[in-house]
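This is target-v7.cif (mmCIF, C-alpha atoms).
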data_data
loop_
_atom_site.label_atom_id
_atom_site.label_comp_id
_atom_site.auth_asym_id
_atom_site.auth_seq_id
_atom_site.Cartn_x
_atom_site.Cartn_y
_atom_site.Cartn_z
CA MET C 1 -66.79 12.21 20.91
CA LYS C 2 -64.34 15.01 20.26
CA LYS C 3 -63.88 15.85 16.62
CA THR C 4 -60.13 15.68 16.79
CA ALA C 5 -57.67 15.22 19.59
CA THR C 6 -53.90 15.33 19.56
CA TYR C 7 -51.34 14.14 22.07
CA HIS C 8 -47.59 14.45 22.07
CA ILE C 9 -44.54 13.15 23.92
CA THR C 10 -40.83 13.50 23.34
CA VAL C 11 -38.67 10.57 24.40
CA GLY C 12 -34.97 9.81 24.38
CA ALA C 13 -33.89 7.13 21.90
CA SER C 14 -33.48 4.31 24.39
CA THR C 15 -35.16 0.92 24.59
CA ARG C 16 -35.70 1.80 28.27
CA ASN C 17 -38.48 4.09 27.07
CA LEU C 18 -40.32 1.47 25.01
CA SER C 19 -42.79 0.75 27.79
CA VAL C 20 -43.36 4.49 28.31
CA VAL C 21 -44.25 4.91 24.63
CA ARG C 22 -46.49 1.83 24.70
CA GLU C 23 -48.30 3.14 27.76
CA PHE C 24 -48.78 6.55 26.10
CA VAL C 25 -50.28 4.96 22.98
CA THR C 26 -52.41 2.45 24.90
CA GLU C 27 -53.81 5.04 27.30
CA HIS C 28 -55.01 7.41 24.59
CA THR C 29 -56.25 4.89 22.02
CA LYS C 30 -58.24 3.16 24.78
CA ALA C 31 -59.65 6.46 26.01
CA GLU C 32 -60.68 7.29 22.45
CA GLY C 33 -62.77 4.11 22.38
CA PHE C 34 -60.69 1.87 20.12
CA SER C 35 -61.19 -1.89 20.56
CA ASP C 36 -58.64 -3.93 22.51
CA THR C 37 -57.43 -5.58 19.29
CA VAL C 38 -56.87 -2.26 17.54
CA VAL C 39 -55.17 -0.82 20.63
CA SER C 40 -52.78 -3.82 20.66
CA ASP C 41 -52.08 -3.53 16.94
CA VAL C 42 -51.30 0.19 17.11
CA CYS C 43 -49.19 -0.29 20.22
CA LEU C 44 -47.05 -3.01 18.61
CA ALA C 45 -46.65 -1.02 15.39
CA VAL C 46 -45.44 2.02 17.34
CA ASP C 47 -43.09 -0.17 19.42
CA GLU C 48 -41.56 -1.58 16.21
CA ALA C 49 -41.21 1.83 14.56
CA TYR C 50 -39.65 3.36 17.67
CA THR C 51 -37.28 0.37 18.09
CA ASN C 52 -36.15 0.79 14.47
CA ILE C 53 -35.41 4.48 15.06
CA ILE C 54 -33.37 3.68 18.20
CA LYS C 55 -31.41 0.95 16.39
CA HIS C 56 -31.03 2.18 12.84
CA ALA C 57 -31.58 5.95 12.79
CA TYR C 58 -29.76 6.76 16.05
CA LYS C 59 -27.58 3.65 16.59
CA PHE C 60 -28.60 3.44 20.25
CA ASP C 61 -27.61 7.02 21.14
CA PRO C 62 -29.92 7.81 24.09
CA THR C 63 -29.23 11.56 23.88
CA LYS C 64 -31.20 11.71 20.60
CA LYS C 65 -34.87 12.50 20.67
CA VAL C 66 -37.95 10.96 19.12
CA GLU C 67 -41.22 12.87 18.82
CA VAL C 68 -44.38 10.82 19.10
CA ASP C 69 -47.65 12.42 17.99
CA LEU C 70 -51.09 10.86 18.18
CA GLU C 71 -53.93 12.40 16.21
CA PHE C 72 -57.47 11.11 16.46
CA ASP C 73 -60.42 11.93 14.25
CA PRO C 74 -63.81 10.21 14.16
CA GLU C 75 -62.62 7.57 11.68
CA LYS C 76 -59.04 6.82 12.59
CA VAL C 77 -55.88 7.38 14.58
CA CYS C 78 -52.65 8.61 13.03
CA VAL C 79 -49.40 8.03 14.90
CA CYS C 80 -46.40 10.01 13.74
CA LEU C 81 -42.82 9.37 14.89
CA THR C 82 -40.21 11.95 13.98
CA ASP C 83 -36.43 11.65 14.27
CA THR C 84 -33.38 13.43 12.92
CA GLY C 85 -31.14 10.39 12.42
CA LYS C 86 -30.25 8.24 9.43
CA SER C 87 -33.28 7.91 7.19
CA PHE C 88 -34.91 4.60 6.35
CA ASP C 89 -34.34 3.57 2.75
CA LYS C 90 -37.61 1.94 1.83
CA SER C 91 -36.27 0.84 -1.56
CA SER C 92 -33.69 -1.42 0.09
CA TYR C 93 -36.30 -3.17 2.20
CA THR C 94 -37.30 -6.73 1.36
CA VAL C 95 -39.91 -8.84 3.08
CA PRO C 96 -38.13 -11.08 5.59
CA ASP C 97 -37.69 -14.73 4.65
CA ILE C 98 -38.11 -16.18 8.14
CA PRO C 99 -37.16 -19.83 7.37
CA LYS C 100 -33.99 -18.63 5.61
CA GLN C 101 -33.15 -16.25 8.45
CA ILE C 102 -33.55 -19.06 10.99
CA LYS C 103 -31.15 -21.24 8.98
CA ASN C 104 -28.63 -18.39 8.91
CA LYS C 105 -29.29 -17.48 12.57
CA LYS C 106 -30.22 -13.98 11.48
CA ARG C 107 -32.93 -11.73 12.77
CA GLY C 108 -34.29 -8.40 11.74
CA GLY C 109 -36.54 -6.86 9.14
CA MET C 110 -39.58 -8.10 10.99
CA GLY C 111 -40.53 -4.74 12.48
CA VAL C 112 -41.26 -3.07 9.15
CA PHE C 113 -43.17 -6.16 8.03
CA LEU C 114 -45.29 -6.13 11.20
CA ILE C 115 -46.01 -2.40 10.92
CA GLN C 116 -47.32 -2.91 7.39
CA LYS C 117 -49.43 -5.88 8.46
CA LEU C 118 -50.86 -4.19 11.54
CA MET C 119 -51.66 -0.74 10.18
CA ASP C 120 -53.99 0.37 7.38
CA ARG C 121 -51.55 2.80 5.84
CA VAL C 122 -47.91 3.72 6.44
CA ASP C 123 -46.13 6.74 4.95
CA TYR C 124 -42.43 7.54 5.23
CA LYS C 125 -41.15 11.02 4.55
CA THR C 126 -37.75 12.70 4.88
CA ARG C 127 -37.61 16.47 4.73
CA ASP C 128 -34.43 18.39 5.40
CA SER C 129 -32.92 16.47 8.30
CA GLU C 130 -36.20 15.12 9.64
CA ASN C 131 -37.59 11.65 9.09
CA GLU C 132 -41.21 10.97 9.67
CA ILE C 133 -43.19 7.75 9.77
CA LYS C 134 -46.95 8.17 9.79
CA MET C 135 -49.08 5.15 10.57
CA TYR C 136 -52.85 5.13 10.22
CA LYS C 137 -55.41 2.77 11.71
CA LYS C 138 -59.16 2.94 11.20
CA ARG C 139 -61.40 2.91 14.22
CA GLU C 140 -63.36 -0.06 12.91
CA THR C 141 -61.45 -3.00 11.54
CA GLU C 142 -62.87 -5.01 8.70
CA SER C 143 -62.78 -8.66 9.56
CA MET X 144 -41.28 0.41 33.44
CA LYS X 145 -43.11 -2.90 33.29
CA ASN X 146 -41.23 -5.88 34.52
CA PHE X 147 -40.01 -8.79 32.55
CA LYS X 148 -38.95 -11.87 34.43
CA ILE X 149 -37.63 -15.29 33.53
CA SER X 150 -37.58 -18.22 35.86
CA HIS X 151 -36.00 -21.57 35.19
CA ARG X 152 -37.01 -24.98 36.49
CA THR X 153 -36.69 -28.57 35.39
CA THR X 154 -39.54 -31.04 35.05
CA SER X 155 -38.95 -34.70 34.13
CA GLY X 156 -35.55 -33.77 32.75
CA TYR X 157 -36.86 -30.93 30.60
CA ASP X 158 -35.70 -27.36 31.07
CA ILE X 159 -38.58 -24.95 31.42
CA LEU X 160 -38.21 -21.20 31.06
CA GLU X 161 -41.21 -19.28 32.33
CA LEU X 162 -41.62 -15.82 30.85
CA GLU X 163 -43.51 -13.10 32.63
CA GLY X 164 -44.36 -9.55 31.60
CA GLU X 165 -43.36 -7.71 28.45
CA LEU X 166 -40.75 -8.95 26.00
CA ASP X 167 -39.44 -6.15 23.79
CA ALA X 168 -36.15 -4.81 22.43
CA HIS X 169 -35.18 -3.79 25.96
CA THR X 170 -35.93 -7.05 27.74
CA ALA X 171 -35.03 -9.49 24.92
CA SER X 172 -31.41 -9.67 26.12
CA GLN X 173 -32.60 -11.39 29.32
CA LEU X 174 -34.20 -14.16 27.29
CA GLU X 175 -31.11 -14.31 25.13
CA ASP X 176 -28.88 -14.78 28.20
CA ALA X 177 -31.15 -17.48 29.63
CA LEU X 178 -31.26 -19.45 26.37
CA ARG X 179 -27.54 -19.07 25.78
CA GLN X 180 -26.82 -20.37 29.25
CA LEU X 181 -28.94 -23.48 28.68
CA ILE X 182 -27.28 -24.07 25.30
CA ASN X 183 -23.83 -23.67 26.88
CA GLU X 184 -24.81 -26.30 29.43
CA ASP X 185 -25.73 -28.62 26.51
CA LYS X 186 -29.41 -28.54 27.39
CA ALA X 187 -31.34 -29.49 24.30
CA ASN X 188 -34.95 -30.03 25.35
CA ILE X 189 -36.21 -26.60 26.22
CA ILE X 190 -39.79 -25.56 26.88
CA VAL X 191 -40.65 -21.87 27.01
CA ASN X 192 -43.84 -21.38 28.97
CA CYS X 193 -45.52 -18.10 27.99
CA ARG X 194 -48.45 -18.27 30.43
CA GLU X 195 -47.55 -14.98 32.12
CA LEU X 196 -46.18 -13.29 29.01
CA ASP X 197 -48.39 -10.27 28.36
CA TYR X 198 -46.67 -8.81 25.33
CA ILE X 199 -44.11 -9.63 22.67
CA ALA X 200 -42.45 -7.48 19.99
CA SER X 201 -40.35 -8.74 17.08
CA ALA X 202 -37.15 -8.39 19.13
CA GLY X 203 -38.47 -11.19 21.33
CA LEU X 204 -39.22 -13.41 18.36
CA GLY X 205 -35.75 -12.64 17.04
CA VAL X 206 -34.20 -14.38 20.03
CA PHE X 207 -35.99 -17.62 19.18
CA MET X 208 -34.87 -17.22 15.57
CA ALA X 209 -31.25 -16.82 16.56
CA TYR X 210 -30.98 -19.91 18.76
CA ILE X 211 -33.36 -22.55 17.41
CA GLU X 212 -30.83 -23.91 14.91
CA ASP X 213 -28.21 -24.38 17.63
CA VAL X 214 -30.65 -26.38 19.73
CA ARG X 215 -32.00 -28.43 16.83
CA GLY X 216 -28.45 -29.06 15.68
CA THR X 217 -27.85 -31.06 18.86
CA GLY X 218 -31.03 -33.07 18.38
CA GLY X 219 -33.18 -30.95 20.66
CA ASP X 220 -35.82 -28.29 20.24
CA ILE X 221 -37.32 -25.20 21.79
CA LYS X 222 -41.05 -25.69 22.21
CA LEU X 223 -43.34 -22.83 23.14
CA THR X 224 -46.44 -23.25 25.27
CA ASN X 225 -49.35 -21.50 26.99
CA MET X 226 -49.43 -18.37 24.83
CA ASN X 227 -52.30 -15.97 25.22
CA GLU X 228 -54.18 -15.01 22.08
CA LYS X 229 -52.50 -11.63 21.71
CA VAL X 230 -48.98 -13.05 21.94
CA TYR X 231 -49.86 -15.95 19.61
CA SER X 232 -51.19 -13.53 16.99
CA VAL X 233 -47.75 -11.89 16.70
CA PHE X 234 -46.07 -15.28 16.16
CA ASP X 235 -48.81 -16.10 13.67
CA LEU X 236 -48.38 -12.86 11.67
CA LEU X 237 -44.74 -13.80 11.09
CA GLY X 238 -45.49 -17.41 10.13
CA PHE X 239 -43.89 -18.97 13.20
CA PRO X 240 -46.53 -21.69 13.78
CA THR X 241 -45.22 -23.65 10.78
CA LEU X 242 -41.60 -23.32 11.94
CA TYR X 243 -41.87 -23.83 15.70
CA ASP X 244 -43.85 -26.17 17.91
CA ILE X 245 -46.34 -23.93 19.66
CA LEU X 246 -48.42 -26.04 22.03
CA GLU X 247 -51.32 -25.60 24.42
CA ASP X 248 -49.44 -26.46 27.59
CA GLU X 249 -46.30 -27.93 29.06
CA ARG X 250 -47.71 -31.46 29.16
CA ASP X 251 -48.24 -31.37 25.39
CA ALA X 252 -44.66 -30.23 24.91
CA ILE X 253 -43.31 -33.01 27.12
CA GLU X 254 -45.41 -35.59 25.25
CA LYS X 255 -44.14 -34.23 21.95
CA PHE X 256 -40.55 -34.42 23.12
CA SER X 257 -41.10 -38.02 24.34
CA SER X 258 -42.65 -39.06 21.04
CA GLU X 259 -39.70 -37.58 19.15
CA ALA X 260 -37.08 -39.30 21.29
#
Go ahead and express the file in the form of structure tokens.
Amino acid sequence: MKKTATYHITVGASTRNLSVVREFVTEHTKAEGFSDTVVSDVCLAVDEAYTNIIKHAYKFDPTKKVEVDLEFDPEKVCVCLTDTGKSFDKSSYTVPDIPKQIKNKKRGGMGVFLIQKLMDRVDYKTRDSENEIKMYKKRETES
Amino acid sequence: MKNFKISHRTTSGYDILELEGELDAHTASQLEDALRQLINEDKANIIVNCRELDYIASAGLGVFMAYIEDVRGTGGDIKLTNMNEKVYSVFDLLGFPTLYDILEDERDAIEKFSSEA
């Protein structure tokens, strides 16, 4: 096993690229020996984070770019998504009340919730004009 | 890009939507269009068969959230069937199994609809 490995892609902020990003994440996490369950969890978390950037940070402007970095070490994978759009205000986030949202025919807020459920640790950082979400998942899951 | 496909058929008077492929923020609008069309045609007993659905993100679940009240408001329901374990786990993480009928297969959904009639 390599001590560390890093992989990078830059994608335009379009939902058209969701499957490209998922394939990128799946290919490398599988190759690094992560279990199918962990690969699926990381893939969904990245999909949700990338979708949120497209929708909220860039308001569906496909000319904007998102950087996706994967970093593996013997214990874990770290996925980092970087954008230069509107930053995510974590303090305004509340856990979605699904029954209430169904009554009001509203959707949304589920992506952040899923990311937190699926990953072991999630850090948000905004520096200058760059926003970064770093999501960590251990190689072995405790079940 | 992976495909996402929806096909529509009717069985014993029930409208069945069969989903195939990957349902994400890009493909969710196709499901939205299909559901909206059924609702506009006053179809109330809808079964969504997920046998060939390989993947779902929250945008896909959002579509069910947005339309279930409309369908239930007319005395009908959207029942989901034949989910693989991976897809079910996403519904489960968000607490959907207590809010939606998620059944083993189409027959179970039809029986449930009949018993509710």
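Taking all atoms listed in the file into account, Glu249 of chain X lies nearest to X:Cys193 out of the set X:Ala209, X:Leu174, X:Leu162, X:Cys193.
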>> Please report the interatomic distance between atom CA of Glu195 of chain X and atom CA of Met226 of chain X in Å with one decimal.
In response: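 About the pair atom CA of Glu195 of chain X and atom CA of Met226 of chain X: they are 8.3 Å apart.
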> In Å, how far is it from atom CA of Leu181 of chain X to atom CA of Leu196 of chain X?
Replying inline: 20.0 Å
Compile a residue-level contact table for chain X against chain C at a cut-off of 7 Å, reporting for every qualifying residue the shortest atom pair and its distance in Å to one decimal, with only C-alpha atoms counted, rows ordered by chain and ascending number, as CSV.
residue,atom,partner,partner_atom,distance
X:Met144,CA,C:Ser19,CA,5.9
X:Lys145,CA,C:Ser19,CA,6.6
X:Ala168,CA,C:Thr15,CA,6.2
X:His169,CA,C:Thr15,CA,4.9
X:Ala200,CA,C:Leu44,CA,6.6
X:Ser201,CA,C:Gly111,CA,6.1
X:Gly205,CA,C:Arg107,CA,5.2
X:Met208,CA,C:Ile102,CA,5.1
X:Ala209,CA,C:Lys105,CA,4.5
X:Tyr210,CA,C:Lys105,CA,6.9
X:Glu212,CA,C:Lys103,CA,6.5
>> List the spatial neighbours of Thr4 of chain C as a PyMOL selection string - criterion: any atom at most 9 Å away, all atoms listed in the file, same-chain residues fewer than 3 positions off excluded.
In response: chain C and resi 1+71-74
>> Would you compute the distance between atom CA of Ser91 of chain C and atom CA of Met119 of chain C? Give it in Å to one decimal.
In response: 19.4 Å
>> Residue by residue, what does the PyMOL selection byres ((chain C and resi 86) around 6) grab here? Present the result as a PyMOL selection string.
In response: chain C and resi 57+85+87
>> Taking 3 positions as the minimum chain separation for residues in the same chain, which residues sit within 8 Å of Ile211 of chain X when counting only C-alpha atoms? Answer as a ChimeraX atom specification.
In response: /C:102 /X:207-208,214-215,220-221
>> Set the distance at 10 Å and use all atoms listed in the file: which residues neighbour segment 147-159 of chain X once local chain neighbours fewer than 2 positions away are removed? I'd like the list as JSON, numbers by chain.
In response: {"X": [144, 145, 161, 162, 163, 164, 165, 166, 167, 169, 170, 171, 173, 174, 177, 181, 186, 187, 188, 189, 190, 191, 192, 195, 196, 197, 198, 221, 222, 223, 249, 252, 253, 256]}
Mind listing as a PDB file with C-alpha atoms, in the frame of the given file all residues within 9 Å of (-50.0, -22.7, 21.5), counting all atoms listed in the file?
ATOM      1  CA  LEU X 223     -43.340 -22.830  23.140  1.00  0.00           C
ATOM      2  CA  THR X 224     -46.440 -23.250  25.270  1.00  0.00           C
ATOM      3  CA  ASN X 225     -49.350 -21.500  26.990  1.00  0.00           C
ATOM      4  CA  MET X 226     -49.430 -18.370  24.830  1.00  0.00           C
ATOM      5  CA  ASN X 227     -52.300 -15.970  25.220  1.00  0.00           C
ATOM      6  CA  GLU X 228     -54.180 -15.010  22.080  1.00  0.00           C
ATOM      7  CA  TYR X 231     -49.860 -15.950  19.610  1.00  0.00           C
ATOM      8  CA  PRO X 240     -46.530 -21.690  13.780  1.00  0.00           C
ATOM      9  CA  ASP X 244     -43.850 -26.170  17.910  1.00  0.00           C
ATOM     10  CA  ILE X 245     -46.340 -23.930  19.660  1.00  0.00           C
ATOM     11  CA  LEU X 246     -48.420 -26.040  22.030  1.00  0.00           C
ATOM     12  CA  GLU X 247     -51.320 -25.600  24.420  1.00  0.00           C
ATOM     13  CA  ASP X 248     -49.440 -26.460  27.590  1.00  0.00           C
TER      14      ASP X 248
END
>> I'd like the residues picked by the PyMOL selection byres ((chain C and resi 76) around 7) written out as a VMD selection string, using the chain letters and numbers from the file.
In response: chain C and resid 72 to 75 77 to 78 136 to 139
> Using all atoms listed in the file, which residue out of C:Thr94, C:Thr10, C:Ser129, C:Thr84 lies closest to Val68 of chain C?
Replying inline: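 Once distances to Val68 of chain C are computed over all atoms listed in the file, the minimum belongs to C:Thr10.
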Some atoms are missing, so please complete segment 150-168 of chain X with N, CA, C and O atoms and return it as a PDB file, in the frame of the given file.
ATOM      1  N   SER X 150     -38.006 -17.243  34.852  1.00  0.00           N
ATOM      2  CA  SER X 150     -37.580 -18.220  35.860  1.00  0.00           C
ATOM      3  C   SER X 150     -37.332 -19.555  35.180  1.00  0.00           C
ATOM      4  O   SER X 150     -37.929 -19.853  34.138  1.00  0.00           O
ATOM      5  N   HIS X 151     -36.424 -20.298  35.773  1.00  0.00           N
ATOM      6  CA  HIS X 151     -36.000 -21.570  35.190  1.00  0.00           C
ATOM      7  C   HIS X 151     -36.286 -22.702  36.168  1.00  0.00           C
ATOM      8  O   HIS X 151     -36.054 -22.570  37.359  1.00  0.00           O
ATOM      9  N   ARG X 152     -36.837 -23.783  35.663  1.00  0.00           N
ATOM     10  CA  ARG X 152     -37.010 -24.980  36.490  1.00  0.00           C
ATOM     11  C   ARG X 152     -36.873 -26.196  35.584  1.00  0.00           C
ATOM     12  O   ARG X 152     -36.885 -26.072  34.354  1.00  0.00           O
ATOM     13  N   THR X 153     -36.745 -27.348  36.196  1.00  0.00           N
ATOM     14  CA  THR X 153     -36.690 -28.570  35.390  1.00  0.00           C
ATOM     15  C   THR X 153     -37.850 -29.473  35.809  1.00  0.00           C
ATOM     16  O   THR X 153     -38.195 -29.543  36.987  1.00  0.00           O
ATOM     17  N   THR X 154     -38.459 -30.088  34.809  1.00  0.00           N
ATOM     18  CA  THR X 154     -39.540 -31.040  35.050  1.00  0.00           C
ATOM     19  C   THR X 154     -39.260 -32.261  34.195  1.00  0.00           C
ATOM     20  O   THR X 154     -39.099 -32.125  32.981  1.00  0.00           O
ATOM     21  N   SER X 155     -39.215 -33.423  34.811  1.00  0.00           N
ATOM     22  CA  SER X 155     -38.950 -34.700  34.130  1.00  0.00           C
ATOM     23  C   SER X 155     -37.765 -34.595  33.165  1.00  0.00           C
ATOM     24  O   SER X 155     -37.810 -35.126  32.058  1.00  0.00           O
ATOM     25  N   GLY X 156     -36.754 -33.875  33.575  1.00  0.00           N
ATOM     26  CA  GLY X 156     -35.550 -33.770  32.750  1.00  0.00           C
ATOM     27  C   GLY X 156     -35.626 -32.706  31.662  1.00  0.00           C
ATOM     28  O   GLY X 156     -34.683 -32.543  30.880  1.00  0.00           O
ATOM     29  N   TYR X 157     -36.734 -31.997  31.588  1.00  0.00           N
ATOM     30  CA  TYR X 157     -36.860 -30.930  30.600  1.00  0.00           C
ATOM     31  C   TYR X 157     -36.606 -29.576  31.269  1.00  0.00           C
ATOM     32  O   TYR X 157     -37.000 -29.365  32.417  1.00  0.00           O
ATOM     33  N   ASP X 158     -35.964 -28.705  30.534  1.00  0.00           N
ATOM     34  CA  ASP X 158     -35.700 -27.360  31.070  1.00  0.00           C
ATOM     35  C   ASP X 158     -36.843 -26.436  30.677  1.00  0.00           C
ATOM     36  O   ASP X 158     -37.143 -26.271  29.492  1.00  0.00           O
ATOM     37  N   ILE X 159     -37.451 -25.838  31.684  1.00  0.00           N
ATOM     38  CA  ILE X 159     -38.580 -24.950  31.420  1.00  0.00           C
ATOM     39  C   ILE X 159     -38.183 -23.517  31.752  1.00  0.00           C
ATOM     40  O   ILE X 159     -37.715 -23.233  32.860  1.00  0.00           O
ATOM     41  N   LEU X 160     -38.378 -22.632  30.796  1.00  0.00           N
ATOM     42  CA  LEU X 160     -38.210 -21.200  31.060  1.00  0.00           C
ATOM     43  C   LEU X 160     -39.604 -20.596  31.118  1.00  0.00           C
ATOM     44  O   LEU X 160     -40.396 -20.753  30.179  1.00  0.00           O
ATOM     45  N   GLU X 161     -39.904 -19.949  32.208  1.00  0.00           N
ATOM     46  CA  GLU X 161     -41.210 -19.280  32.330  1.00  0.00           C
ATOM     47  C   GLU X 161     -41.018 -17.793  32.117  1.00  0.00           C
ATOM     48  O   GLU X 161     -40.216 -17.160  32.806  1.00  0.00           O
ATOM     49  N   LEU X 162     -41.739 -17.249  31.159  1.00  0.00           N
ATOM     50  CA  LEU X 162     -41.620 -15.820  30.850  1.00  0.00           C
ATOM     51  C   LEU X 162     -42.783 -15.072  31.483  1.00  0.00           C
ATOM     52  O   LEU X 162     -43.918 -15.546  31.471  1.00  0.00           O
ATOM     53  N   GLU X 163     -42.464 -13.894  31.995  1.00  0.00           N
ATOM     54  CA  GLU X 163     -43.510 -13.100  32.630  1.00  0.00           C
ATOM     55  C   GLU X 163     -43.335 -11.637  32.281  1.00  0.00           C
ATOM     56  O   GLU X 163     -42.224 -11.107  32.361  1.00  0.00           O
ATOM     57  N   GLY X 164     -44.410 -10.984  31.860  1.00  0.00           N
ATOM     58  CA  GLY X 164     -44.360  -9.550  31.600  1.00  0.00           C
ATOM     59  C   GLY X 164     -44.268  -9.212  30.129  1.00  0.00           C
ATOM     60  O   GLY X 164     -44.931  -9.830  29.301  1.00  0.00           O
ATOM     61  N   GLU X 165     -43.414  -8.247  29.802  1.00  0.00           N
ATOM     62  CA  GLU X 165     -43.360  -7.710  28.450  1.00  0.00           C
ATOM     63  C   GLU X 165     -41.983  -7.935  27.820  1.00  0.00           C
ATOM     64  O   GLU X 165     -40.964  -7.493  28.358  1.00  0.00           O
ATOM     65  N   LEU X 166     -42.002  -8.619  26.690  1.00  0.00           N
ATOM     66  CA  LEU X 166     -40.750  -8.950  26.000  1.00  0.00           C
ATOM     67  C   LEU X 166     -40.606  -8.037  24.781  1.00  0.00           C
ATOM     68  O   LEU X 166     -41.361  -8.149  23.809  1.00  0.00           O
ATOM     69  N   ASP X 167     -39.649  -7.104  24.885  1.00  0.00           N
ATOM     70  CA  ASP X 167     -39.440  -6.150  23.790  1.00  0.00           C
ATOM     71  C   ASP X 167     -37.945  -5.995  23.536  1.00  0.00           C
ATOM     72  O   ASP X 167     -37.140  -6.794  24.033  1.00  0.00           O
ATOM     73  N   ALA X 168     -37.564  -4.972  22.785  1.00  0.00           N
ATOM     74  CA  ALA X 168     -36.150  -4.810  22.430  1.00  0.00           C
ATOM     75  C   ALA X 168     -35.292  -4.502  23.662  1.00  0.00           C
ATOM     76  O   ALA X 168     -34.069  -4.647  23.626  1.00  0.00           O
TER      77      ALA X 168
END
